[in-house]
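Participant: Following this message is one structure expressed as structure tokens.
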Amino acid sequence: MARCALRKLAVLAGLLSDCSGEQIYQILNRVLAPAAQRGEVILPVSGVVNTSTRLPGPVAAGGWVSLVGMNLAKATQAAPPGELPAELAGVKVTFNGKAARIRQIAPDQVDVVVPDLSGTSAVVQVENNG
């Protein structure tokens with residue numbers, strides 16, 4: 001999926017918390033649902049959460065986060081014992097272009113270790129080529 005399309009989906013998903021229930025329904029049915037049906041990766045802005053607390057918020061290098069969305073992976077799979085690969089079954093995650101280490105993947109969730117980051121914000125991208 002083109003970066004522009006990813007950005008549009010992220011912006012739309014980020015607006016969900018500021019919309020009424022009817023507006024959320026319309027956004028999901030007109031934009032996100034068709035994209036999900038086409039197999040496009042959908043990672044809402046609120047879809048980056050602390051793996052332990054399940055709460056969104058700041059993340060730190062070396063911390064565990066869960067990416068919660070749709071079409072993040074084709075199937076559920078864990079990394080081999082003792083390994084944290086940068087790619088697992090065709091799934092890659094980057095924070096500002098730096099590869100994250102993956103613990104497990106599923107169609108609706110990917111658990112990763114946040115790589116070293118500089119700055120106060122990060123662009124998170126999930127590639128699903130599985």
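Within each chain, counting starts at residue 1; across the structure tokens, chains are named A, B, ... in the order shown, with ligands numbered 1 upward in that order.
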Please identify all polymer residues within 6 Å of stretch 66-80 of chain A, counting only C-alpha atoms, omitting same-chain residues fewer than 6 positions from it, and present them as a list in words.

Facilitator: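 Neighbouring residues, sequence-local ones excluded: Val41, Ile42, Leu43, Gly47, Val48, Val49, Thr51, Arg103, Gln104, Ile105, Ala106, Pro107, Asp108, Gln109, Val110, Asp111 and Asn128 of chain A.
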
Participant: At a cut-off of 6 Å, using only C-alpha atoms, what residues contact stretch 89-94 of chain A? Leave out same-chain residues fewer than 6 positions from it and give the result as a list in words.

Facilitator: Ala100, Val124, Gln125, Val126, Glu127, Asn128, Asn129 and Gly130 of chain A

Participant: Report the distance between atom CA of A:Gly62 and atom CA of A:Pro115 in Å, rounded to one decimal place.

Facilitator: 6.1 Å

Participant: Pick out the closest residue to A:Glu83 from this set: A:Ile102, A:Val65, A:Val114, A:Val123. Count only C-alpha atoms.

Facilitator: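 Ranking A:Ile102, A:Val65, A:Val114, A:Val123 by distance to A:Glu83, first place goes to A:Ile102.
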
Participant: Could you pull out the residues in stretch 35-128 of chain A that DSSP calls helix (DSSP H, G or I) from the backbone, as a PDB file with N, CA, C and O atoms, in the first residue's frame?

Facilitator:
```pdb
ATOM      1  N   ALA A  35     -11.258  -1.229   2.972  1.00  0.00           N
ATOM      2  CA  ALA A  35      -9.802  -1.403   2.940  1.00  0.00           C
ATOM      3  C   ALA A  35      -9.416  -2.733   3.565  1.00  0.00           C
ATOM      4  O   ALA A  35      -8.553  -3.450   3.051  1.00  0.00           O
ATOM      5  N   ALA A  36     -10.057  -3.095   4.664  1.00  0.00           N
ATOM      6  CA  ALA A  36      -9.777  -4.371   5.317  1.00  0.00           C
ATOM      7  C   ALA A  36     -10.162  -5.534   4.414  1.00  0.00           C
ATOM      8  O   ALA A  36      -9.446  -6.529   4.326  1.00  0.00           O
ATOM      9  N   GLN A  37     -11.277  -5.406   3.716  1.00  0.00           N
ATOM     10  CA  GLN A  37     -11.706  -6.462   2.809  1.00  0.00           C
ATOM     11  C   GLN A  37     -10.727  -6.643   1.655  1.00  0.00           C
ATOM     12  O   GLN A  37     -10.568  -7.740   1.138  1.00  0.00           O
ATOM     13  N   VAL A  45      -4.335   5.040  14.825  1.00  0.00           N
ATOM     14  CA  VAL A  45      -3.423   5.835  15.636  1.00  0.00           C
ATOM     15  C   VAL A  45      -3.425   5.323  17.073  1.00  0.00           C
ATOM     16  O   VAL A  45      -2.393   5.266  17.728  1.00  0.00           O
ATOM     17  N   SER A  46      -4.577   4.918  17.572  1.00  0.00           N
ATOM     18  CA  SER A  46      -4.686   4.413  18.944  1.00  0.00           C
ATOM     19  C   SER A  46      -4.305   2.942  19.050  1.00  0.00           C
ATOM     20  O   SER A  46      -4.447   2.337  20.106  1.00  0.00           O
ATOM     21  N   GLY A  47      -3.802   2.344  17.972  1.00  0.00           N
ATOM     22  CA  GLY A  47      -3.504   0.919  17.939  1.00  0.00           C
ATOM     23  C   GLY A  47      -2.129   0.541  18.422  1.00  0.00           C
ATOM     24  O   GLY A  47      -1.729  -0.611  18.326  1.00  0.00           O
TER      25      GLY A  47
END
```

Participant: Give the strand (DSSP E or B) residues of stretch 28-88 of chain A, as assigned by DSSP on the backbone, as a PyMOL selection string.

Facilitator: chain A and resi 42+48-50+56+64-68+70+77-78+87-88

Participant: Any chance you can output those residues with all heavy atoms as a short mmCIF file (atom, residue, chain, number, x, y, z; two decimals), in the first residue's frame?

Facilitator:
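Ended up saving to result-v4.cif:
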```cif
data_model
loop_
_atom_site.label_atom_id
_atom_site.label_comp_id
_atom_site.auth_asym_id
_atom_site.auth_seq_id
_atom_site.Cartn_x
_atom_site.Cartn_y
_atom_site.Cartn_z
N ILE A 42 -4.41 -2.20 8.41
CA ILE A 42 -5.02 -1.06 9.08
C ILE A 42 -4.48 -1.01 10.50
O ILE A 42 -4.69 -1.94 11.29
CB ILE A 42 -6.56 -1.16 9.08
CG1 ILE A 42 -7.06 -1.13 7.64
CG2 ILE A 42 -7.17 -0.03 9.91
CD1 ILE A 42 -8.53 -1.33 7.49
N VAL A 48 -1.35 1.48 18.95
CA VAL A 48 -0.04 1.18 19.53
C VAL A 48 -0.21 1.26 21.04
O VAL A 48 -0.41 2.34 21.59
CB VAL A 48 1.03 2.17 19.04
CG1 VAL A 48 2.39 1.84 19.65
CG2 VAL A 48 1.12 2.16 17.51
N VAL A 49 -0.16 0.10 21.71
CA VAL A 49 -0.42 0.06 23.15
C VAL A 49 0.70 -0.67 23.88
O VAL A 49 1.40 -1.51 23.31
CB VAL A 49 -1.77 -0.63 23.46
CG1 VAL A 49 -2.92 0.13 22.84
CG2 VAL A 49 -1.79 -2.08 23.01
N ASN A 50 0.86 -0.34 25.15
CA ASN A 50 1.81 -1.02 26.01
C ASN A 50 1.35 -2.47 26.14
O ASN A 50 0.18 -2.73 26.45
CB ASN A 50 1.84 -0.32 27.37
CG ASN A 50 2.79 -0.99 28.34
OD1 ASN A 50 2.60 -2.13 28.74
ND2 ASN A 50 3.83 -0.26 28.70
N PRO A 56 -2.77 2.88 25.45
CA PRO A 56 -1.97 3.67 24.52
C PRO A 56 -1.17 4.71 25.31
O PRO A 56 -1.49 5.02 26.45
CB PRO A 56 -3.02 4.34 23.62
CG PRO A 56 -4.26 4.37 24.44
CD PRO A 56 -4.19 3.19 25.38
N TRP A 64 8.13 -3.20 25.32
CA TRP A 64 7.23 -4.06 24.54
C TRP A 64 5.97 -3.30 24.21
O TRP A 64 5.36 -2.70 25.09
CB TRP A 64 6.86 -5.31 25.34
CG TRP A 64 7.96 -6.30 25.45
CD1 TRP A 64 8.79 -6.48 26.51
CD2 TRP A 64 8.37 -7.24 24.47
NE1 TRP A 64 9.69 -7.49 26.24
CE2 TRP A 64 9.45 -7.97 24.99
CE3 TRP A 64 7.92 -7.53 23.18
CZ2 TRP A 64 10.09 -8.98 24.29
CZ3 TRP A 64 8.56 -8.54 22.47
CH2 TRP A 64 9.63 -9.25 23.02
N VAL A 65 5.57 -3.33 22.94
CA VAL A 65 4.30 -2.75 22.53
C VAL A 65 3.54 -3.75 21.68
O VAL A 65 4.13 -4.62 21.03
CB VAL A 65 4.45 -1.42 21.75
CG1 VAL A 65 5.06 -0.34 22.62
CG2 VAL A 65 5.24 -1.59 20.49
N SER A 66 2.22 -3.62 21.72
CA SER A 66 1.34 -4.41 20.86
C SER A 66 0.74 -3.46 19.84
O SER A 66 0.26 -2.39 20.20
CB SER A 66 0.23 -5.06 21.69
OG SER A 66 0.75 -6.00 22.59
N LEU A 67 0.79 -3.85 18.60
CA LEU A 67 0.16 -3.10 17.53
C LEU A 67 -1.16 -3.81 17.26
O LEU A 67 -1.17 -5.00 16.94
CB LEU A 67 1.04 -3.09 16.29
CG LEU A 67 2.49 -2.65 16.53
CD1 LEU A 67 3.31 -2.77 15.27
CD2 LEU A 67 2.53 -1.24 17.08
N VAL A 68 -2.26 -3.10 17.42
CA VAL A 68 -3.59 -3.70 17.32
C VAL A 68 -4.30 -3.09 16.13
O VAL A 68 -4.46 -1.86 16.05
CB VAL A 68 -4.38 -3.47 18.62
CG1 VAL A 68 -5.75 -4.12 18.53
CG2 VAL A 68 -3.61 -4.00 19.82
N MET A 70 -5.98 -4.45 11.87
CA MET A 70 -6.56 -5.48 11.02
C MET A 70 -5.59 -5.81 9.89
O MET A 70 -4.87 -4.93 9.41
CB MET A 70 -7.89 -4.99 10.42
CG MET A 70 -8.94 -4.74 11.49
SD MET A 70 -10.63 -4.48 10.89
CE MET A 70 -10.50 -3.09 9.84
N GLN A 77 1.57 -16.60 14.55
CA GLN A 77 2.85 -17.30 14.65
C GLN A 77 3.71 -16.60 15.68
O GLN A 77 3.73 -15.37 15.76
CB GLN A 77 3.56 -17.30 13.28
CG GLN A 77 4.85 -18.08 13.29
CD GLN A 77 5.47 -18.17 11.89
OE1 GLN A 77 4.80 -18.02 10.87
NE2 GLN A 77 6.76 -18.42 11.85
N ALA A 78 4.44 -17.38 16.46
CA ALA A 78 5.39 -16.84 17.43
C ALA A 78 6.80 -17.00 16.89
O ALA A 78 7.08 -17.89 16.09
CB ALA A 78 5.26 -17.58 18.76
N GLU A 87 11.86 -9.84 10.92
CA GLU A 87 10.78 -10.24 10.01
C GLU A 87 10.30 -11.62 10.42
O GLU A 87 11.10 -12.51 10.71
CB GLU A 87 11.27 -10.28 8.57
CG GLU A 87 10.20 -10.67 7.58
CD GLU A 87 10.68 -10.63 6.13
OE1 GLU A 87 11.73 -10.06 5.86
OE2 GLU A 87 9.98 -11.21 5.28
N LEU A 88 8.97 -11.78 10.45
CA LEU A 88 8.39 -13.06 10.83
C LEU A 88 7.24 -13.35 9.88
O LEU A 88 6.27 -12.60 9.83
CB LEU A 88 7.90 -13.03 12.28
CG LEU A 88 7.32 -14.31 12.87
CD1 LEU A 88 8.36 -15.44 12.86
CD2 LEU A 88 6.85 -14.06 14.29
#
```
